[in-house]
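Participant: Mind looking over this structure? Questions follow.
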Amino acid sequence: MSETAQPAPASDERVKDLGWRKLLIRPELGGIVGTIAVFAFFLLFAFDSGMFSAQGVLNWSVVSAQFMIIAVGACLLMIAGEFDLSVGSMIGFSGMMIAIFTVTLGWPVWIAILVTFGMAVAIGALNGLIVIRTGLPSFIVTLAFLFILRGFAIYLPQTIERKTIIGGVSDAAQGDWLAPLFGGKILEGVFTWMGDNGLISVFERGTRAGQPVIDGIPMLIVWALVLAAFGHVLLTRTRFGNWIFAAGGDAQAARYVGVPVNRVKILMFMFTAFCATVFATCQVMEFGSAGADRGLLKEFEAIIAVVIGGALLTGGYGSVIGAALGALIFGVVQQGLFFAGVESSLFRVFLGVILLFAVILNTYIRRMITGER
Amino acid sequence: MTTRSKHDPIVEMRNIEKHFGSVIALAGVSVDVCPGECHCLLGDNGAGKSTFIKTLSGVHKPTRGEILLEGKPMNFDDPRDAISAGIATVYQDLAMIPLMSVSRNFFMGNEPVKKVAGLPFYDKEHADRVTLEEMRKMGINLRGADQAVGTLSGGERQTVAIARAVHFGAKVLILDEPTSALGVRQTANVLATIDKVRKQDIAVVFITHNVRHALAVGDRFTVLNRGKTLGTAQRGQITPEELQDMMAGGQEMVELEGSLGGTV
């Protein structure tokens, strides 16, 4: 066996040095390039529109944060090899449950929020259990829940309150200890100080004259950043993260080496439902009301953000940072077109085009990694 | 191991039967393997090789018969039981996940953990270092532990899977057709790896339908046909032609070979 005893040659003459292409083999690349491109575009064409004033930045940050919260859940689930199409309906359903519990049933807001989170996570687990037990594609199972949950989100308020929007949550949330975690703001003192010192502009007249135009960072943004950081660390720095990659990469191979694939997938369904409920709770606390049509099409927007972020639809590859950047691109473009005075329906055209480009780029990257042709 | 000598079999499978409904996949197969021995299991397609090793690796429960590991009867409920008992299996195409890095594959299911602020984190440094080291021992120089498995050749992937099983303390290594999809040089590499593993006193069960690959590394040869053992032979007691005939069921093969000039 002398032929194998000698060390392998340091370089193989049949392998071309890819150089710059090595950089391409990072899932976040599409997201990074896209983010730079989008910011460059709007800095050039919409700089004077107020988009980059303090209020403008807050405006698109909030929209981006909304996308980011659901994209983190969708990203981890997609890397684990599954889809959840019920995210949007779950947003509508969870929001409606909080409103029904607090307004109709008169429960304290914190109990309503905790019970709603419990229900949502249980439904996520049910989604996962059905997918695992039946072996059906998660696409179909969660499509069923898309309709089931949306149906309940419309039926329940119609039957109980004879309307599809339930308001009055704000009054109930006054003085509640848990509500500010979703509807509150942080760093209010810093912004007051910045306003007093002329670092950001202040209202010049009206009842809020002298107060800064931004009075704090909404908890929605905090949730988005915390969830993205948590998801990134979980995926890349823990053994559970390795199991997520393994479960999505090849479930059978992972099972053979003892990875609890079923548990990983069900937990990811639960996490996706959790993220959707965070979104719903923030929205209900912000608006003070819940609407039956909230979260419409959000599942697809989450999936698009994840795909822009470099994740493969087939699972086993992707990045939470990428998904977060995808969400940022989304928010900046959606609000940026508004600032730039472009017809907002063009946003959908943009979405479709960028989705197509992202999927093509991802497929190309996957071929480079696996060496397929 | 006070009373057991090195030459006692580490695994004994006695009269294993496996029925799937009305299909009798295994009708009483007995095989044993000693430490440091490479026992080749040969057989044509449908002979029951896969069912047999899946029984040994805990995927199937035998309908009848018993499995003894180091003299003690075993009753595996799932593959994890077999793995923790020291029986590792390397499957032909399900060994590795191509999109994941070599080190992440290597430690899949056995991730090293280090505590940071009381929380368990994946110890990437340790994983990368051990992976590179183990791969070097097997004669594969990786560019880096972050290299995706998809960039490795088929033979290298098998070698990573074998190195992984050995590193995590396998006493019995089952290889399911590791050479069947490989080129000549890659096959030679995998056979050399099997030889290295055997020298570490690990018992190897090598499933193949290629007589030449079996003869290159095997110490004993058992031929399966239609769910039964046709017999076990020692190295040197049997010629390639005899083995080939037993696998194919004798007479017809002789005629076929005649027409092909004896090259099969």
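Within each chain, counting starts at residue 1; across the structure tokens, chains are named A, B, ... in the order shown, with ligands numbered 1 upward in that order.
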Pick out the residues sitting within 8 Å of A:Phe147, and hand them over as a ChimeraX atom specification; count only C-alpha atoms, and ignore anything fewer than 3 positions along from it in its own chain.

Facilitator: /A:86,89,143-144,150-151

Participant: Please identify every residue of chain B that has at least one atom no more than 8 Å from any atom of chain A, counting only C-alpha atoms, and report them as a VMD selection string.

Facilitator: chain B and resid 79 to 80 83 94 to 100 104 108 to 109 111 to 113 120 to 124 139 to 141 148 to 151 189 192

Participant: Please, could you write that set of residues out with C-alpha atoms as a PDB file, in the first residue's frame?

Facilitator:
ATOM      1  CA  PRO B  79     -29.190   2.490  15.483  1.00  0.00           C
ATOM      2  CA  ARG B  80     -28.198   4.657  18.415  1.00  0.00           C
ATOM      3  CA  ILE B  83     -23.551   2.948  18.031  1.00  0.00           C
ATOM      4  CA  LEU B  94     -25.597   8.246   3.294  1.00  0.00           C
ATOM      5  CA  ALA B  95     -22.340   8.773   5.069  1.00  0.00           C
ATOM      6  CA  MET B  96     -21.855  12.510   4.690  1.00  0.00           C
ATOM      7  CA  ILE B  97     -23.794  15.697   4.100  1.00  0.00           C
ATOM      8  CA  PRO B  98     -22.208  17.449   1.083  1.00  0.00           C
ATOM      9  CA  LEU B  99     -23.197  21.022   1.980  1.00  0.00           C
ATOM     10  CA  MET B 100     -21.641  20.861   5.438  1.00  0.00           C
ATOM     11  CA  ARG B 104     -19.095  19.639  11.002  1.00  0.00           C
ATOM     12  CA  MET B 108     -22.173  15.422  13.512  1.00  0.00           C
ATOM     13  CA  GLY B 109     -24.132  13.974  16.419  1.00  0.00           C
ATOM     14  CA  GLU B 111     -20.311  17.835  18.664  1.00  0.00           C
ATOM     15  CA  PRO B 112     -17.615  18.929  21.116  1.00  0.00           C
ATOM     16  CA  VAL B 113     -18.837  21.563  23.516  1.00  0.00           C
ATOM     17  CA  PRO B 120     -22.508  25.201  26.123  1.00  0.00           C
ATOM     18  CA  PHE B 121     -21.117  26.340  22.779  1.00  0.00           C
ATOM     19  CA  TYR B 122     -19.895  24.282  19.824  1.00  0.00           C
ATOM     20  CA  ASP B 123     -16.114  24.046  20.114  1.00  0.00           C
ATOM     21  CA  LYS B 124     -15.152  24.789  16.513  1.00  0.00           C
ATOM     22  CA  GLY B 139      -3.603  10.087   4.343  1.00  0.00           C
ATOM     23  CA  ILE B 140      -5.902  12.928   3.317  1.00  0.00           C
ATOM     24  CA  ASN B 141      -4.540  16.463   3.480  1.00  0.00           C
ATOM     25  CA  ALA B 148     -17.403  21.372   2.267  1.00  0.00           C
ATOM     26  CA  VAL B 149     -17.643  17.611   1.985  1.00  0.00           C
ATOM     27  CA  GLY B 150     -19.167  18.136  -1.449  1.00  0.00           C
ATOM     28  CA  THR B 151     -15.720  19.085  -2.731  1.00  0.00           C
ATOM     29  CA  ASN B 189      -7.326   4.294  -1.021  1.00  0.00           C
ATOM     30  CA  ALA B 192      -5.805   0.855   2.360  1.00  0.00           C
TER      31      ALA B 192
END

Participant: If we count only C-alpha atoms and set the cut-off at 8 Å, which residues sit around B:Gln186, ignoring sequence neighbours fewer than 3 positions away in its own chain? Please answer as number ranges by chain.

Facilitator: B: 154-156, 182-183, 189-190

Participant: Check the DSSP output for the backbone and give back, as a ChimeraX atom specification, the residues of stretch 55-131 of chain B in alpha helix (DSSP H).

Facilitator: /B:55-56,79-84,102-106,124-131

Participant: Keeping only C-alpha atoms, write those residues as a PDB file, in the first residue's frame.

Facilitator:
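This went into selection_9.pdb:
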ATOM      1  CA  THR B  55     -29.936  -6.152  11.669  1.00  0.00           C
ATOM      2  CA  LEU B  56     -26.451  -5.881  13.121  1.00  0.00           C
ATOM      3  CA  PRO B  79     -29.190   2.490  15.483  1.00  0.00           C
ATOM      4  CA  ARG B  80     -28.198   4.657  18.415  1.00  0.00           C
ATOM      5  CA  ASP B  81     -28.115   1.607  20.730  1.00  0.00           C
ATOM      6  CA  ALA B  82     -25.764  -0.133  18.347  1.00  0.00           C
ATOM      7  CA  ILE B  83     -23.551   2.948  18.031  1.00  0.00           C
ATOM      8  CA  SER B  84     -23.231   3.340  21.787  1.00  0.00           C
ATOM      9  CA  VAL B 102     -15.727  18.309   6.827  1.00  0.00           C
ATOM     10  CA  SER B 103     -15.371  19.065  10.523  1.00  0.00           C
ATOM     11  CA  ARG B 104     -19.095  19.639  11.002  1.00  0.00           C
ATOM     12  CA  ASN B 105     -19.724  16.294   9.308  1.00  0.00           C
ATOM     13  CA  PHE B 106     -17.008  14.611  11.309  1.00  0.00           C
ATOM     14  CA  LYS B 124     -15.152  24.789  16.513  1.00  0.00           C
ATOM     15  CA  GLU B 125     -11.423  25.092  17.175  1.00  0.00           C
ATOM     16  CA  HIS B 126     -11.254  21.656  18.761  1.00  0.00           C
ATOM     17  CA  ALA B 127     -13.447  20.145  16.040  1.00  0.00           C
ATOM     18  CA  ASP B 128     -11.327  21.607  13.240  1.00  0.00           C
ATOM     19  CA  ARG B 129      -8.032  20.578  14.817  1.00  0.00           C
ATOM     20  CA  VAL B 130      -9.098  16.974  15.514  1.00  0.00           C
ATOM     21  CA  THR B 131     -10.613  16.627  12.053  1.00  0.00           C
TER      22      THR B 131
END

Participant: Find the residue from A:Leu105, A:Val115, A:Ile200, A:Leu136 that sits nearest to A:Ile160; use only C-alpha atoms when measuring.

Facilitator: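 Among the listed residues, A:Leu105 lies closest to A:Ile160.
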
Participant: From a DSSP calculation on the backbone, collect every residue of stretch 154-346 of chain A in strand (DSSP E or B) and output the set as a list in words.

Facilitator: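 For stretch 154-346 of chain A, the strand (DSSP E or B) set is Ile165, Ile166, Lys185, Ile186, Val202, Pro212, Ile217, Pro218, Ala290 and Gly291 of chain A.
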
Participant: Quick one: which stretch 38-134 of chain B residues come within 10 Å of stretch 233-245 of chain B, and what is the nearest atom pair for each with the distance in Å to one decimal, counting only C-alpha atoms, rows ordered by chain and ascending number, as CSV?

Facilitator:
residue,atom,partner,partner_atom,distance
B:His39,CA,B:Gln234,CA,9.5
B:Cys40,CA,B:Ala233,CA,9.9
B:Leu42,CA,B:Leu243,CA,8.5
B:Gly43,CA,B:Gln244,CA,9.0
B:Asp44,CA,B:Gln244,CA,9.5

Participant: One decimal, Å: what's the distance from atom CA of B:Gly36 over to atom CA of B:Asn15, could you say?

Facilitator: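 Atom CA of B:Gly36 sits 23.5 Å away from atom CA of B:Asn15.
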
Participant: Show which residues sit within 10 Å of B:Leu175, as a list in words. Count only C-alpha atoms, and ignore same-chain residues fewer than 4 positions away.

Facilitator: Cys40, Leu41, Ile53, Ala88, Thr89, Val90, Tyr91, Gln92, Gln158, Ala161, Ile162, Thr179, Ile194, Val204, Val205, Phe206, Ile207 and Thr208 of chain B

Participant: The selected residues should be written to file as an mmCIF file, in the first residue's frame (atoms: C-alpha atoms).

Facilitator:
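Written output follows (again.cif):
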data_model
loop_
_atom_site.group_PDB
_atom_site.id
_atom_site.type_symbol
_atom_site.label_atom_id
_atom_site.label_comp_id
_atom_site.auth_asym_id
_atom_site.auth_seq_id
_atom_site.Cartn_x
_atom_site.Cartn_y
_atom_site.Cartn_z
ATOM 1 C CA CYS B 40 -15.976 -9.958 3.991
ATOM 2 C CA LEU B 41 -19.628 -10.544 3.360
ATOM 3 C CA ILE B 53 -26.026 -5.603 8.278
ATOM 4 C CA ALA B 88 -20.581 1.759 13.721
ATOM 5 C CA THR B 89 -21.906 1.561 10.176
ATOM 6 C CA VAL B 90 -20.710 3.487 7.147
ATOM 7 C CA TYR B 91 -23.378 3.551 4.473
ATOM 8 C CA GLN B 92 -22.499 3.817 0.854
ATOM 9 C CA GLN B 158 -15.837 7.169 2.653
ATOM 10 C CA ALA B 161 -16.810 8.440 7.464
ATOM 11 C CA ILE B 162 -14.490 5.583 8.436
ATOM 12 C CA THR B 179 -16.050 0.699 -3.012
ATOM 13 C CA ILE B 194 -9.669 -0.600 5.820
ATOM 14 C CA VAL B 204 -14.324 -4.881 10.194
ATOM 15 C CA VAL B 205 -17.354 -6.256 8.364
ATOM 16 C CA PHE B 206 -16.854 -5.446 4.702
ATOM 17 C CA ILE B 207 -19.864 -5.892 2.445
ATOM 18 C CA THR B 208 -19.156 -6.054 -1.254
#

Participant: Atom CA of A:Trp110 to atom CA of A:Leu220: how many Å, to one decimal?

Facilitator: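 If I compute the distance from atom CA of A:Trp110 to atom CA of A:Leu220, I get 17.2 Å.
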
Participant: Within 7 Å of stretch 279-295 of chain A, counting only C-alpha atoms, which residues show up once you throw out same-chain ones fewer than 2 positions away? Write them as a list in words, please.

Facilitator: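 Listing them by chain and then by number gives Gln66, Ile69, Gly88, Ser89, Ile91, Gly92, Ser94, Gly95, Met96, Ala99, Ala153, Ile154, Thr164, Ile165, Ile166, Gly167, Gly168, Val169, Ser170, Ala179, Phe182, Gly183, Leu220, Cys275, Ala276, Thr277, Leu297 and Lys298 of chain A.
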
Participant: Please compute the atom CA of B:Ile67-atom CA of B:Phe107 distance, one decimal, in Å.

Facilitator: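 Separation of atom CA of B:Ile67 and atom CA of B:Phe107: 28.3 Å.
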
Participant: Taking only C-alpha atoms into account, which of A:Ala327, A:Ile308, A:Leu199, A:Leu181 comes nearest A:Val63?

Facilitator: A:Ala327
